[in-house]
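my_file.txt (compact mmCIF, C-alpha atoms (C1' of nucleotides)) appears below.
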```txt
# COMPACT_ATOMS: atom_id res chain seq x y z
CA MET A 205 -7.41 6.05 -21.83
CA LYS A 206 -6.10 3.20 -23.95
CA ARG A 207 -9.07 1.15 -22.87
CA VAL A 208 -11.47 3.96 -23.74
CA LYS A 209 -10.02 4.41 -27.19
CA LYS A 210 -10.13 0.72 -27.92
CA GLN A 211 -13.75 0.81 -26.93
CA ILE A 212 -14.45 3.78 -29.18
CA PHE A 213 -12.78 2.08 -32.09
CA HIS A 214 -14.61 -1.19 -31.60
CA ASP A 215 -17.91 0.62 -31.32
CA TYR A 216 -17.16 2.46 -34.52
CA ILE A 217 -16.24 -0.77 -36.31
CA ALA A 218 -19.43 -2.42 -35.14
CA LYS A 219 -21.66 0.50 -36.04
CA GLN A 220 -20.23 0.60 -39.55
CA GLY A 221 -20.77 -3.11 -40.05
CA LEU A 222 -17.03 -3.64 -40.38
CA LYS A 223 -15.09 -6.49 -38.93
CA SER A 224 -12.83 -6.75 -35.97
CA THR A 225 -9.64 -8.42 -37.08
CA ARG A 226 -6.45 -9.57 -35.50
CA GLN A 227 -4.44 -7.07 -37.58
CA ARG A 228 -6.57 -4.14 -36.54
CA ASP A 229 -6.15 -5.03 -32.90
CA ILE A 230 -2.41 -5.39 -33.26
CA ILE A 231 -2.09 -2.07 -35.06
CA LEU A 232 -4.36 -0.36 -32.55
CA GLU A 233 -2.33 -1.62 -29.62
CA ALA A 234 0.91 -0.53 -31.27
CA PHE A 235 -0.52 2.87 -32.11
CA LEU A 236 -1.87 3.51 -28.64
CA SER A 237 1.37 2.57 -26.95
CA SER A 238 3.47 4.79 -29.18
CA GLU A 239 4.51 8.36 -28.88
CA ARG A 240 1.94 10.92 -29.84
CA HIS A 241 3.15 11.85 -33.31
CA LEU A 242 3.91 8.80 -35.31
CA SER A 243 4.72 8.56 -38.97
CA ILE A 244 3.22 5.66 -40.85
CA GLU A 245 6.64 4.28 -41.56
CA GLU A 246 7.61 4.40 -37.91
CA LEU A 247 4.52 2.48 -36.96
CA TYR A 248 5.01 0.00 -39.76
CA LEU A 249 8.60 -0.69 -38.77
CA LYS A 250 7.61 -1.07 -35.14
CA LEU A 251 4.95 -3.58 -36.10
CA ARG A 252 7.19 -5.49 -38.44
CA ALA A 253 9.45 -6.45 -35.59
CA LYS A 254 6.81 -8.64 -34.01
CA HIS A 255 4.47 -9.17 -36.93
CA PRO A 256 6.53 -9.40 -40.09
CA ASN A 257 3.55 -10.42 -42.18
CA ILE A 258 1.49 -7.27 -41.73
CA GLY A 259 1.44 -5.31 -44.97
CA TYR A 260 2.11 -1.67 -45.45
CA ALA A 261 -1.28 -1.22 -47.10
CA THR A 262 -3.04 -2.59 -44.05
CA VAL A 263 -1.29 -0.07 -41.84
CA TYR A 264 -2.33 2.76 -44.14
CA ARG A 265 -5.91 1.55 -44.30
CA THR A 266 -6.14 0.96 -40.59
CA LEU A 267 -4.75 4.36 -39.66
CA LYS A 268 -7.36 5.96 -41.86
CA LEU A 269 -9.97 3.99 -39.97
CA PHE A 270 -8.56 5.28 -36.70
CA ALA A 271 -8.95 8.80 -38.01
CA ASP A 272 -12.51 8.09 -39.15
CA SER A 273 -13.39 6.64 -35.78
CA GLY A 274 -12.10 9.75 -34.08
CA ILE A 275 -9.26 8.29 -32.05
CA ALA A 276 -6.53 9.65 -34.32
CA ARG A 277 -5.85 12.65 -36.46
CA GLU A 278 -3.86 12.93 -39.65
CA MET A 279 -1.10 15.52 -39.55
CA GLN A 280 1.40 16.99 -41.96
CA PHE A 281 4.47 18.81 -40.80
CA GLY A 282 5.75 19.55 -44.24
CA ASP A 283 8.44 16.90 -44.33
CA GLY A 284 6.52 14.78 -46.80
CA GLN A 285 5.53 12.20 -44.22
CA THR A 286 2.00 11.86 -42.95
CA ARG A 287 1.82 11.44 -39.22
CA TYR A 288 -1.03 10.40 -36.97
CA GLU A 289 -1.55 11.70 -33.51
CA HIS A 290 -3.75 10.49 -30.70
CA VAL A 291 -6.93 12.43 -30.13
CA GLY A 292 -8.68 12.72 -26.82
CA GLU A 293 -12.30 13.65 -26.44
CA GLY A 294 -12.90 17.19 -27.69
CA GLU A 295 -9.24 17.88 -27.19
CA HIS A 296 -7.25 20.20 -29.36
CA HIS A 297 -3.74 21.45 -29.21
CA ASP A 298 -1.12 23.05 -31.40
CA HIS A 299 2.51 22.29 -32.02
CA LEU A 300 5.98 23.59 -31.53
CA VAL A 301 8.24 21.79 -33.99
CA CYS A 302 12.00 21.84 -33.59
CA THR A 303 13.59 22.00 -37.00
CA GLY A 304 16.86 20.88 -35.47
CA CYS A 305 16.00 17.58 -33.84
CA GLY A 306 12.41 17.03 -34.92
CA THR A 307 10.97 17.18 -31.42
CA ILE A 308 7.31 18.09 -31.34
CA ILE A 309 5.84 19.79 -28.30
CA GLU A 310 2.13 20.30 -27.86
CA PHE A 311 0.56 23.36 -26.35
CA GLU A 312 -2.80 24.93 -25.88
CA ASN A 313 -3.67 28.58 -25.70
CA GLU A 314 -7.22 29.65 -25.31
CA THR A 315 -6.60 33.26 -26.06
CA ILE A 316 -5.18 32.35 -29.45
CA GLU A 317 -8.20 30.17 -30.16
CA THR A 318 -10.53 32.99 -29.28
CA LEU A 319 -8.69 35.39 -31.54
CA GLN A 320 -8.84 32.85 -34.36
CA ASN A 321 -12.58 32.69 -34.06
CA GLU A 322 -12.79 36.45 -34.15
CA VAL A 323 -10.73 36.60 -37.31
CA ALA A 324 -12.86 33.91 -38.91
CA ALA A 325 -16.07 35.65 -37.92
CA ALA A 326 -14.83 38.89 -39.40
CA HIS A 327 -14.52 37.09 -42.73
CA GLY A 328 -17.82 35.28 -42.45
CA PHE A 329 -16.10 31.92 -42.06
CA LEU A 330 -17.38 29.02 -40.02
CA ILE A 331 -14.28 27.29 -38.68
CA LYS A 332 -14.19 23.54 -38.41
CA THR A 333 -10.56 22.92 -37.60
CA HIS A 334 -7.32 24.74 -37.52
CA LYS A 335 -3.67 24.11 -37.58
CA LEU A 336 -1.09 26.17 -35.78
CA GLU A 337 2.52 25.17 -35.96
CA LEU A 338 5.50 27.11 -34.72
CA TYR A 339 8.78 26.08 -36.28
CA GLY A 340 12.10 26.88 -34.74
CA LEU A 341 14.85 25.57 -32.52
CA CYS A 342 14.29 24.03 -29.13
CA ALA A 343 16.42 25.09 -26.19
CA ARG A 344 18.90 22.27 -26.74
CA CYS A 345 19.34 22.84 -30.47
CA GLN A 346 20.00 26.54 -29.97
CA ARG A 347 23.34 25.81 -28.37
CA MET B 587 5.76 45.42 -56.89
CA LYS B 588 6.26 43.18 -59.90
CA ARG B 589 9.15 45.34 -60.94
CA VAL B 590 10.66 45.18 -57.47
CA LYS B 591 10.43 41.41 -57.29
CA LYS B 592 11.97 40.97 -60.70
CA GLN B 593 14.79 43.14 -59.51
CA ILE B 594 15.22 41.13 -56.33
CA PHE B 595 15.30 37.92 -58.30
CA HIS B 596 17.80 39.20 -60.83
CA ASP B 597 20.01 40.52 -58.08
CA TYR B 598 19.87 37.14 -56.39
CA ILE B 599 20.71 35.34 -59.61
CA ALA B 600 23.65 37.64 -60.24
CA LYS B 601 25.00 37.41 -56.72
CA GLN B 602 24.92 33.62 -56.85
CA GLY B 603 26.78 33.55 -60.13
CA LEU B 604 23.76 31.98 -61.84
CA LYS B 605 22.44 32.83 -65.24
CA SER B 606 19.51 34.82 -66.39
CA THR B 607 17.65 32.76 -68.94
CA ARG B 608 14.65 33.20 -71.15
CA GLN B 609 12.78 30.43 -69.31
CA ARG B 610 13.36 31.95 -65.90
CA ASP B 611 12.03 35.27 -67.09
CA ILE B 612 8.96 33.67 -68.62
CA ILE B 613 8.23 31.70 -65.48
CA LEU B 614 8.83 34.71 -63.27
CA GLU B 615 6.44 36.85 -65.30
CA ALA B 616 3.78 34.13 -65.21
CA PHE B 617 4.24 33.63 -61.50
CA LEU B 618 4.03 37.32 -60.67
CA SER B 619 0.90 37.84 -62.71
CA SER B 620 -0.90 34.90 -61.11
CA GLU B 621 -3.06 34.65 -58.09
CA ARG B 622 -1.27 34.48 -54.80
CA HIS B 623 -1.45 30.75 -54.08
CA LEU B 624 -0.45 28.79 -57.07
CA SER B 625 0.15 25.09 -57.35
CA ILE B 626 3.05 24.00 -59.49
CA GLU B 627 0.71 22.24 -61.86
CA GLU B 628 -1.43 25.35 -62.29
CA LEU B 629 1.60 27.39 -63.18
CA TYR B 630 2.92 24.72 -65.50
CA LEU B 631 -0.38 24.47 -67.37
CA LYS B 632 -0.62 28.22 -67.63
CA LEU B 633 2.87 28.37 -69.08
CA ARG B 634 2.32 25.51 -71.47
CA ALA B 635 -0.38 27.47 -73.27
CA LYS B 636 2.14 29.98 -74.62
CA HIS B 637 5.35 28.07 -74.17
CA PRO B 638 4.72 24.40 -74.84
CA ASN B 639 8.38 23.52 -74.74
CA ILE B 640 9.05 24.49 -71.13
CA GLY B 641 9.56 21.37 -69.05
CA TYR B 642 7.96 20.46 -65.78
CA ALA B 643 11.37 20.07 -64.19
CA THR B 644 12.34 23.61 -65.11
CA VAL B 645 9.22 24.94 -63.43
CA TYR B 646 10.02 23.00 -60.28
CA ARG B 647 13.60 24.14 -60.27
CA THR B 648 12.74 27.74 -60.98
CA LEU B 649 10.11 27.93 -58.26
CA LYS B 650 12.66 26.69 -55.78
CA LEU B 651 14.93 29.47 -56.93
CA PHE B 652 12.15 31.97 -56.34
CA ALA B 653 11.81 30.68 -52.82
CA ASP B 654 15.57 30.88 -52.28
CA SER B 655 15.65 34.42 -53.56
CA GLY B 656 12.92 35.39 -51.13
CA ILE B 657 10.19 36.39 -53.56
CA ALA B 658 8.12 33.25 -53.02
CA ARG B 659 7.33 30.83 -50.25
CA GLU B 660 6.57 27.14 -50.42
CA MET B 661 3.25 26.15 -48.86
CA GLN B 662 1.42 22.95 -48.13
CA PHE B 663 -2.27 22.86 -47.45
CA GLY B 664 -2.44 19.13 -46.95
CA ASP B 665 -3.96 18.28 -50.31
CA GLY B 666 -0.74 16.77 -51.58
CA GLN B 667 0.07 19.69 -53.85
CA THR B 668 2.85 22.10 -53.14
CA ARG B 669 1.88 25.69 -53.69
CA TYR B 670 3.96 28.83 -53.91
CA GLU B 671 2.80 32.18 -52.72
CA HIS B 672 4.19 35.64 -53.35
CA VAL B 673 6.16 37.15 -50.51
CA GLY B 674 6.47 40.84 -49.90
CA GLU B 675 9.25 42.41 -47.89
CA GLY B 676 9.18 41.17 -44.30
CA GLU B 677 5.55 40.34 -44.77
CA HIS B 678 3.80 37.49 -43.09
CA HIS B 679 0.23 36.41 -43.04
CA ASP B 680 -1.90 33.44 -42.21
CA HIS B 681 -4.70 31.67 -44.04
CA LEU B 682 -8.38 30.98 -43.93
CA VAL B 683 -9.03 28.00 -46.16
CA CYS B 684 -12.54 27.17 -47.32
CA THR B 685 -12.94 23.41 -47.44
CA GLY B 686 -15.98 23.86 -49.63
CA CYS B 687 -14.66 25.80 -52.61
CA GLY B 688 -10.95 25.96 -51.92
CA THR B 689 -10.82 29.73 -51.56
CA ILE B 690 -7.86 30.95 -49.56
CA ILE B 691 -8.06 34.23 -47.69
CA GLU B 692 -5.06 35.84 -46.08
CA PHE B 693 -5.10 37.64 -42.79
CA GLU B 694 -2.76 39.12 -40.26
CA ASN B 695 -3.19 39.40 -36.56
CA GLU B 696 -0.47 40.87 -34.45
CA THR B 697 -1.94 39.82 -31.18
CA ILE B 698 -1.86 36.19 -32.25
CA GLU B 699 1.76 36.56 -33.32
CA THR B 700 2.66 38.05 -29.98
CA LEU B 701 0.96 35.23 -28.11
CA GLN B 702 2.78 32.71 -30.27
CA ASN B 703 6.09 34.20 -29.28
CA GLU B 704 5.10 34.04 -25.64
CA VAL B 705 4.20 30.38 -25.93
CA ALA B 706 7.46 29.66 -27.69
CA ALA B 707 9.46 31.54 -25.11
CA ALA B 708 7.77 29.62 -22.32
CA HIS B 709 9.13 26.43 -23.88
CA GLY B 710 12.56 27.84 -24.60
CA PHE B 711 11.99 27.78 -28.34
CA LEU B 712 13.42 30.23 -30.80
CA ILE B 713 10.78 30.58 -33.52
CA LYS B 714 11.84 30.95 -37.10
CA THR B 715 8.54 30.59 -38.90
CA HIS B 716 5.04 29.54 -38.21
CA LYS B 717 1.99 28.33 -39.98
CA LEU B 718 -1.54 29.13 -38.96
CA GLU B 719 -4.39 27.85 -41.04
CA LEU B 720 -8.06 27.99 -40.21
CA TYR B 721 -10.18 25.49 -42.11
CA GLY B 722 -13.90 25.85 -42.50
CA LEU B 723 -16.63 27.12 -44.76
CA CYS B 724 -16.71 30.57 -46.27
CA ALA B 725 -19.90 32.62 -46.14
CA ARG B 726 -21.03 31.41 -49.56
CA CYS B 727 -20.40 27.72 -48.90
CA GLN B 728 -22.34 27.84 -45.64
CA ARG B 729 -25.61 28.33 -47.48
C1' DG C 1129 35.02 28.41 -74.24
C1' DT C 1130 33.09 26.89 -70.21
C1' DA C 1131 30.01 26.29 -66.75
C1' DA C 1132 25.12 26.69 -65.98
C1' DT C 1133 20.63 25.51 -67.72
C1' DT C 1134 17.27 23.08 -70.23
C1' DG C 1135 14.12 19.28 -71.59
C1' DC C 1136 13.36 14.82 -71.63
C1' DA C 1137 12.94 10.49 -69.60
C1' DA C 1138 14.00 7.69 -65.85
C1' DA C 1139 14.21 7.25 -60.92
C1' DG C 1140 12.55 8.34 -56.38
C1' DT C 1141 9.09 8.87 -52.51
C1' DA C 1142 4.80 8.39 -50.35
C1' DT C 1143 0.41 6.53 -50.85
C1' DT C 1144 -3.43 3.97 -53.07
C1' DT C 1145 -5.59 0.31 -55.61
C1' DG C 1146 -6.66 -4.36 -57.86
C1' DC C 1147 -7.23 -8.85 -56.90
C1' DA C 1148 -6.87 -13.62 -55.35
C1' DT C 1149 -6.87 -15.57 -50.91
C1' DT C 1150 -8.12 -15.58 -46.12
C1' DC C 1151 -10.96 -14.49 -42.31
C1' DC C 1152 -14.85 -12.96 -39.35
C1' DA C 1153 -19.83 -12.67 -38.20
C1' DT D 507 -21.63 -18.88 -46.52
C1' DG D 508 -20.77 -14.24 -48.05
C1' DG D 509 -19.06 -9.97 -47.68
C1' DA D 510 -15.11 -7.67 -45.63
C1' DA D 511 -10.13 -7.59 -44.86
C1' DT D 512 -5.50 -8.91 -45.92
C1' DG D 513 -1.03 -9.03 -48.35
C1' DC D 514 1.23 -8.65 -52.21
C1' DA D 515 2.46 -6.34 -56.31
C1' DA D 516 1.33 -3.05 -59.53
C1' DA D 517 -0.36 1.53 -60.17
C1' DT D 518 -0.61 6.38 -59.08
C1' DA D 519 0.66 11.13 -57.92
C1' DC D 520 4.02 14.31 -57.04
C1' DT D 521 8.76 15.57 -57.16
C1' DT D 522 13.70 14.96 -58.09
C1' DT D 523 17.66 13.51 -60.76
C1' DG D 524 20.87 12.06 -64.69
C1' DC D 525 22.46 13.37 -68.84
C1' DA D 526 23.20 14.99 -73.56
C1' DA D 527 22.28 19.11 -75.97
C1' DT D 528 21.87 24.05 -75.60
C1' DT D 529 22.65 28.61 -73.93
C1' DA D 530 24.41 32.70 -71.31
C1' DC D 531 28.27 35.22 -69.84
```

Could you render the structure from this file as structure tokens?
Amino acid sequence: MKRVKKQIFHDYIAKQGLKSTRQRDIILEAFLSSERHLSIEELYLKLRAKHPNIGYATVYRTLKLFADSGIAREMQFGDGQTRYEHVGEGEHHDHLVCTGCGTIIEFENETIETLQNEVAAAHGFLIKTHKLELYGLCARCQR
Amino acid sequence: MKRVKKQIFHDYIAKQGLKSTRQRDIILEAFLSSERHLSIEELYLKLRAKHPNIGYATVYRTLKLFADSGIAREMQFGDGQTRYEHVGEGEHHDHLVCTGCGTIIEFENETIETLQNEVAAAHGFLIKTHKLELYGLCARCQR
DNA sequence: GTAATTGCAAAGTATTTGCATTCCA
DNA sequence: TGGAATGCAAATACTTTGCAATTAC
């Protein structure tokens, strides 16, 4: 999976006439070996440990490239921090967000997706993406 | 409806030992007679026309009060602008957002809500709120 | 009268941009 | 070599905060 995504990214870079750089590789490796929902700051801090000379701007720019190449997706959970999540081929899932501890759980539900498309069709919309987030307390935080 | 919400807000203000001010009334009136999904800037500009001396900070603070009182809800559609929408009693709805022209259409679907609760229950979550947004092109923008 | 509210400007966040220097193809 | 990428600092966009003056109860 990691290998595949690296390949996808490098192909994208090449096709766009962009350059493969040491920083991009470092950031890619760090991103791919991180948890699935990473804020930019988290990634930056993680990188800084080993590569103190990588700039914040480079992390921002590189994450946008990841999103453009299709290996990552930009997310907002309303806490004012942009997060990026890994994207697999044609994969889509939604989120359960614990407002207590911040845990994010992914889920998929085909019936919901089908109903969404029906709603959209009823309004003449052509859906490109969607976002479904359920906010509440996870089992642990309910205690 | 407008009358009811004004009442709710005034009751809230009174119960909290806060004060009813000219500015709050002006902002409330402007908010209630606006479209349902209003960015703070839109409301501020609208107000400025008739009341050039109302400050941005007051608008921010007052909108938060509206949300606290239950007559408005804070929303984020990922464009970096916070919006507030009107909230009716116990009402909830989701959104179809046209990425072409920015139109926002509201909808409700009980079956989807039920499925959401099932998903949450399966993960031991207690849901407090949720956000479902479908992004795509409206009928007009598809042409 | 007193505590809350206002309006302004300054301070915070999160993110983007300009630019000289460095690096890759 | 030449255009792209980097790292820094400055700029931007949105929102919050501090504070003296004002206002509501």

Separation of atom CA of A:Ser237 from atom C1' of D:DA511 in Å: 23.6 Å

Using every C-alpha atom paired in order, could you least-squares fit chain A onto chain B and give me the moved chain as a short mmCIF file (atom, residue, chain, number, x, y, z; two decimals) with C-alpha atoms, in the frame of the given file?
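Saved the output as out-v3.cif:
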```
data_model
loop_
_atom_site.label_atom_id
_atom_site.label_comp_id
_atom_site.auth_asym_id
_atom_site.auth_seq_id
_atom_site.Cartn_x
_atom_site.Cartn_y
_atom_site.Cartn_z
CA MET A 205 5.90 45.49 -56.85
CA LYS A 206 6.36 43.21 -59.83
CA ARG A 207 9.29 45.34 -60.89
CA VAL A 208 10.81 45.17 -57.41
CA LYS A 209 10.53 41.42 -57.25
CA LYS A 210 12.06 40.97 -60.66
CA GLN A 211 14.90 43.11 -59.48
CA ILE A 212 15.33 41.06 -56.31
CA PHE A 213 15.36 37.86 -58.28
CA HIS A 214 17.87 39.11 -60.82
CA ASP A 215 20.12 40.38 -58.07
CA TYR A 216 19.94 37.02 -56.38
CA ILE A 217 20.75 35.21 -59.62
CA ALA A 218 23.72 37.47 -60.23
CA LYS A 219 25.06 37.21 -56.71
CA GLN A 220 24.94 33.42 -56.86
CA GLY A 221 26.77 33.33 -60.17
CA LEU A 222 23.73 31.80 -61.84
CA LYS A 223 22.44 32.67 -65.24
CA SER A 224 19.53 34.71 -66.39
CA THR A 225 17.61 32.69 -68.92
CA ARG A 226 14.62 33.16 -71.12
CA GLN A 227 12.74 30.40 -69.27
CA ARG A 228 13.34 31.93 -65.88
CA ASP A 229 12.03 35.26 -67.07
CA ILE A 230 8.95 33.69 -68.59
CA ILE A 231 8.21 31.71 -65.44
CA LEU A 232 8.84 34.74 -63.25
CA GLU A 233 6.46 36.88 -65.26
CA ALA A 234 3.79 34.18 -65.17
CA PHE A 235 4.25 33.69 -61.45
CA LEU A 236 4.08 37.37 -60.62
CA SER A 237 0.95 37.92 -62.64
CA SER A 238 -0.88 35.00 -61.08
CA GLU A 239 -3.05 34.74 -58.05
CA ARG A 240 -1.27 34.56 -54.75
CA HIS A 241 -1.48 30.84 -54.05
CA LEU A 242 -0.50 28.87 -57.06
CA SER A 243 0.08 25.17 -57.33
CA ILE A 244 2.97 24.06 -59.49
CA GLU A 245 0.61 22.32 -61.84
CA GLU A 246 -1.51 25.42 -62.25
CA LEU A 247 1.53 27.46 -63.14
CA TYR A 248 2.83 24.79 -65.48
CA LEU A 249 -0.47 24.56 -67.33
CA LYS A 250 -0.68 28.33 -67.59
CA LEU A 251 2.80 28.45 -69.06
CA ARG A 252 2.21 25.60 -71.44
CA ALA A 253 -0.44 27.58 -73.24
CA LYS A 254 2.07 30.07 -74.56
CA HIS A 255 5.29 28.14 -74.14
CA PRO A 256 4.60 24.49 -74.83
CA ASN A 257 8.27 23.58 -74.72
CA ILE A 258 8.93 24.52 -71.11
CA GLY A 259 9.43 21.38 -69.05
CA TYR A 260 7.84 20.51 -65.79
CA ALA A 261 11.25 20.07 -64.19
CA THR A 262 12.23 23.60 -65.10
CA VAL A 263 9.13 24.95 -63.41
CA TYR A 264 9.91 22.99 -60.26
CA ARG A 265 13.53 24.10 -60.25
CA THR A 266 12.68 27.70 -60.96
CA LEU A 267 10.05 27.92 -58.24
CA LYS A 268 12.59 26.64 -55.76
CA LEU A 269 14.90 29.40 -56.91
CA PHE A 270 12.14 31.93 -56.33
CA ALA A 271 11.80 30.64 -52.80
CA ASP A 272 15.56 30.80 -52.27
CA SER A 273 15.68 34.34 -53.55
CA GLY A 274 12.97 35.34 -51.13
CA ILE A 275 10.24 36.38 -53.53
CA ALA A 276 8.15 33.25 -52.98
CA ARG A 277 7.30 30.85 -50.24
CA GLU A 278 6.51 27.17 -50.42
CA MET A 279 3.20 26.19 -48.86
CA GLN A 280 1.32 23.01 -48.12
CA PHE A 281 -2.37 22.97 -47.45
CA GLY A 282 -2.59 19.27 -46.96
CA ASP A 283 -4.09 18.43 -50.32
CA GLY A 284 -0.89 16.86 -51.56
CA GLN A 285 -0.05 19.76 -53.84
CA THR A 286 2.77 22.16 -53.11
CA ARG A 287 1.81 25.75 -53.67
CA TYR A 288 3.92 28.88 -53.88
CA GLU A 289 2.81 32.23 -52.68
CA HIS A 290 4.20 35.68 -53.29
CA VAL A 291 6.21 37.18 -50.47
CA GLY A 292 6.56 40.86 -49.84
CA GLU A 293 9.34 42.38 -47.82
CA GLY A 294 9.16 41.21 -44.21
CA GLU A 295 5.53 40.42 -44.76
CA HIS A 296 3.75 37.59 -43.07
CA HIS A 297 0.19 36.48 -43.02
CA ASP A 298 -1.92 33.46 -42.21
CA HIS A 299 -4.68 31.70 -44.05
CA LEU A 300 -8.34 30.92 -43.96
CA VAL A 301 -8.94 27.95 -46.24
CA CYS A 302 -12.42 27.06 -47.42
CA THR A 303 -12.74 23.31 -47.57
CA GLY A 304 -15.80 23.72 -49.76
CA CYS A 305 -14.52 25.72 -52.71
CA GLY A 306 -10.80 25.94 -52.02
CA THR A 307 -10.75 29.70 -51.62
CA ILE A 308 -7.82 30.96 -49.60
CA ILE A 309 -8.08 34.22 -47.70
CA GLU A 310 -5.10 35.85 -46.06
CA PHE A 311 -5.19 37.63 -42.75
CA GLU A 312 -2.87 39.11 -40.22
CA ASN A 313 -3.33 39.37 -36.50
CA GLU A 314 -0.66 40.87 -34.38
CA THR A 315 -2.11 39.76 -31.12
CA ILE A 316 -1.95 36.15 -32.23
CA GLU A 317 1.67 36.61 -33.29
CA THR A 318 2.53 38.06 -29.93
CA LEU A 319 0.89 35.19 -28.11
CA GLN A 320 2.78 32.73 -30.30
CA ASN A 321 6.05 34.27 -29.28
CA GLU A 322 5.06 34.05 -25.65
CA VAL A 323 4.24 30.38 -25.98
CA ALA A 324 7.53 29.74 -27.75
CA ALA A 325 9.48 31.65 -25.13
CA ALA A 326 7.84 29.67 -22.38
CA HIS A 327 9.26 26.53 -23.98
CA GLY A 328 12.67 28.00 -24.66
CA PHE A 329 12.09 27.97 -28.41
CA LEU A 330 13.47 30.48 -30.86
CA ILE A 331 10.83 30.79 -33.57
CA LYS A 332 11.86 31.22 -37.16
CA THR A 333 8.57 30.80 -38.95
CA HIS A 334 5.09 29.69 -38.27
CA LYS A 335 2.07 28.44 -40.03
CA LEU A 336 -1.48 29.16 -39.01
CA GLU A 337 -4.29 27.83 -41.10
CA LEU A 338 -7.97 27.89 -40.29
CA TYR A 339 -10.03 25.38 -42.22
CA GLY A 340 -13.74 25.67 -42.61
CA LEU A 341 -16.50 26.91 -44.86
CA CYS A 342 -16.65 30.37 -46.34
CA ALA A 343 -19.86 32.36 -46.19
CA ARG A 344 -20.97 31.17 -49.62
CA CYS A 345 -20.29 27.48 -49.00
CA GLN A 346 -22.23 27.53 -45.74
CA ARG A 347 -25.49 27.96 -47.59
#
```

Exercise: residues within 12 Å of coordinate (-0.7, 33.7, -61.6), counting all atoms listed in the file, as a PyMOL selection string: chain B and resi 588+612-633+669-672

Set the distance at 10 Å and use only C-alpha atoms (C1' of nucleotides): which residues neighbour C:DT1149 once local chain neighbours fewer than 2 positions away are removed? I'd like the list as a PDB file with C-alpha atoms (C1' of nucleotides), keeping the file's coordinate frame.
```pdb
ATOM      1  C1'  DC C1147      -7.230  -8.850 -56.900  1.00  0.00           C
ATOM      2  C1'  DC C1151     -10.960 -14.490 -42.310  1.00  0.00           C
TER       3       DC C1151
ATOM      4  C1'  DT D 512      -5.500  -8.910 -45.920  1.00  0.00           C
ATOM      5  C1'  DG D 513      -1.030  -9.030 -48.350  1.00  0.00           C
TER       6       DG D 513
END
```

Identify, on the basis of only C-alpha atoms (C1' of nucleotides), every residue whose closest approach to B:Ala658 does not exceed 9 Å; exclude the query and any residue fewer than 4 positions from it along the same chain; express the result as a PDB file with C-alpha atoms, keeping the file's coordinate frame.
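This is the output file result.pdb:
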```
ATOM      1  CA  LEU B 649      10.110  27.930 -58.260  1.00  0.00           C
ATOM      2  CA  LYS B 650      12.660  26.690 -55.780  1.00  0.00           C
ATOM      3  CA  LEU B 651      14.930  29.470 -56.930  1.00  0.00           C
ATOM      4  CA  PHE B 652      12.150  31.970 -56.340  1.00  0.00           C
ATOM      5  CA  ALA B 653      11.810  30.680 -52.820  1.00  0.00           C
ATOM      6  CA  ASP B 654      15.570  30.880 -52.280  1.00  0.00           C
ATOM      7  CA  TYR B 670       3.960  28.830 -53.910  1.00  0.00           C
ATOM      8  CA  GLU B 671       2.800  32.180 -52.720  1.00  0.00           C
ATOM      9  CA  HIS B 672       4.190  35.640 -53.350  1.00  0.00           C
ATOM     10  CA  VAL B 673       6.160  37.150 -50.510  1.00  0.00           C
ATOM     11  CA  GLY B 674       6.470  40.840 -49.900  1.00  0.00           C
TER      12      GLY B 674
END
```

What are the closest atom pairs, with distances in Å to one decimal, for all residues of chain A lying within 12 Å of chain D? Consider all atoms listed in the file, order rows by chain and residue number, and present the result as CSV.
```
residue,atom,partner,partner_atom,distance
A:Ile217,CA,D:DA510,C1',11.7
A:Gln220,CA,D:DA510,C1',11.5
A:Gly221,CA,D:DA510,C1',9.2
A:Leu222,CA,D:DA510,C1',6.9
A:Lys223,CA,D:DA510,C1',6.8
A:Ser224,CA,D:DA511,C1',9.3
A:Thr225,CA,D:DA511,C1',7.8
A:Arg226,CA,D:DA511,C1',10.3
A:Gln227,CA,D:DT512,C1',8.6
A:Arg228,CA,D:DA511,C1',9.7
A:Pro256,CA,D:DG513,C1',11.2
A:Asn257,CA,D:DG513,C1',7.8
A:Ile258,CA,D:DG513,C1',7.3
A:Gly259,CA,D:DG513,C1',5.6
A:Tyr260,CA,D:DG513,C1',8.5
A:Ala261,CA,D:DG513,C1',7.9
A:Thr262,CA,D:DT512,C1',7.0
A:Val263,CA,D:DT512,C1',10.6
A:Arg265,CA,D:DA511,C1',10.1
A:Thr266,CA,D:DA511,C1',10.4
A:Gly284,CA,D:DC520,C1',10.6
```

Sel. within 9 Å of pt (-16.7, 24.0, -36.5), counting only C-alpha atoms (C1' of nucleotides), output as number ranges by chain: A: 330-333; B: 721-723

Straight-line distance linking atom C1' of C:DT1145 with atom CA of B:Gly664, stated in Å to one decimal: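 Computing the Euclidean distance for atom C1' of C:DT1145 and atom CA of B:Gly664 yields 21.0 Å.
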
Atom pair atom CA of A:Gly294 / atom CA of A:Glu322: separation (Å):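 One can read the atom CA of A:Gly294 to atom CA of A:Glu322 distance as 20.3 Å.
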
Contact set, chain C to chain A: 9 Å, only C-alpha atoms (C1' of nucleotides), as a PyMOL selection string: chain C and resi 1141-1144+1151-1153

Selection from above, C-alpha atoms (C1' of nucleotides), as an mmCIF file, in the coordinates of the input, can you write it?
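Below is the file part_26.cif, written as the result:
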```cif
data_model
loop_
_atom_site.group_PDB
_atom_site.id
_atom_site.type_symbol
_atom_site.label_atom_id
_atom_site.label_comp_id
_atom_site.auth_asym_id
_atom_site.auth_seq_id
_atom_site.Cartn_x
_atom_site.Cartn_y
_atom_site.Cartn_z
ATOM 1 C "C1'" DT C 1141 9.090 8.870 -52.510
ATOM 2 C "C1'" DA C 1142 4.800 8.390 -50.350
ATOM 3 C "C1'" DT C 1143 0.410 6.530 -50.850
ATOM 4 C "C1'" DT C 1144 -3.430 3.970 -53.070
ATOM 5 C "C1'" DC C 1151 -10.960 -14.490 -42.310
ATOM 6 C "C1'" DC C 1152 -14.850 -12.960 -39.350
ATOM 7 C "C1'" DA C 1153 -19.830 -12.670 -38.200
#
```
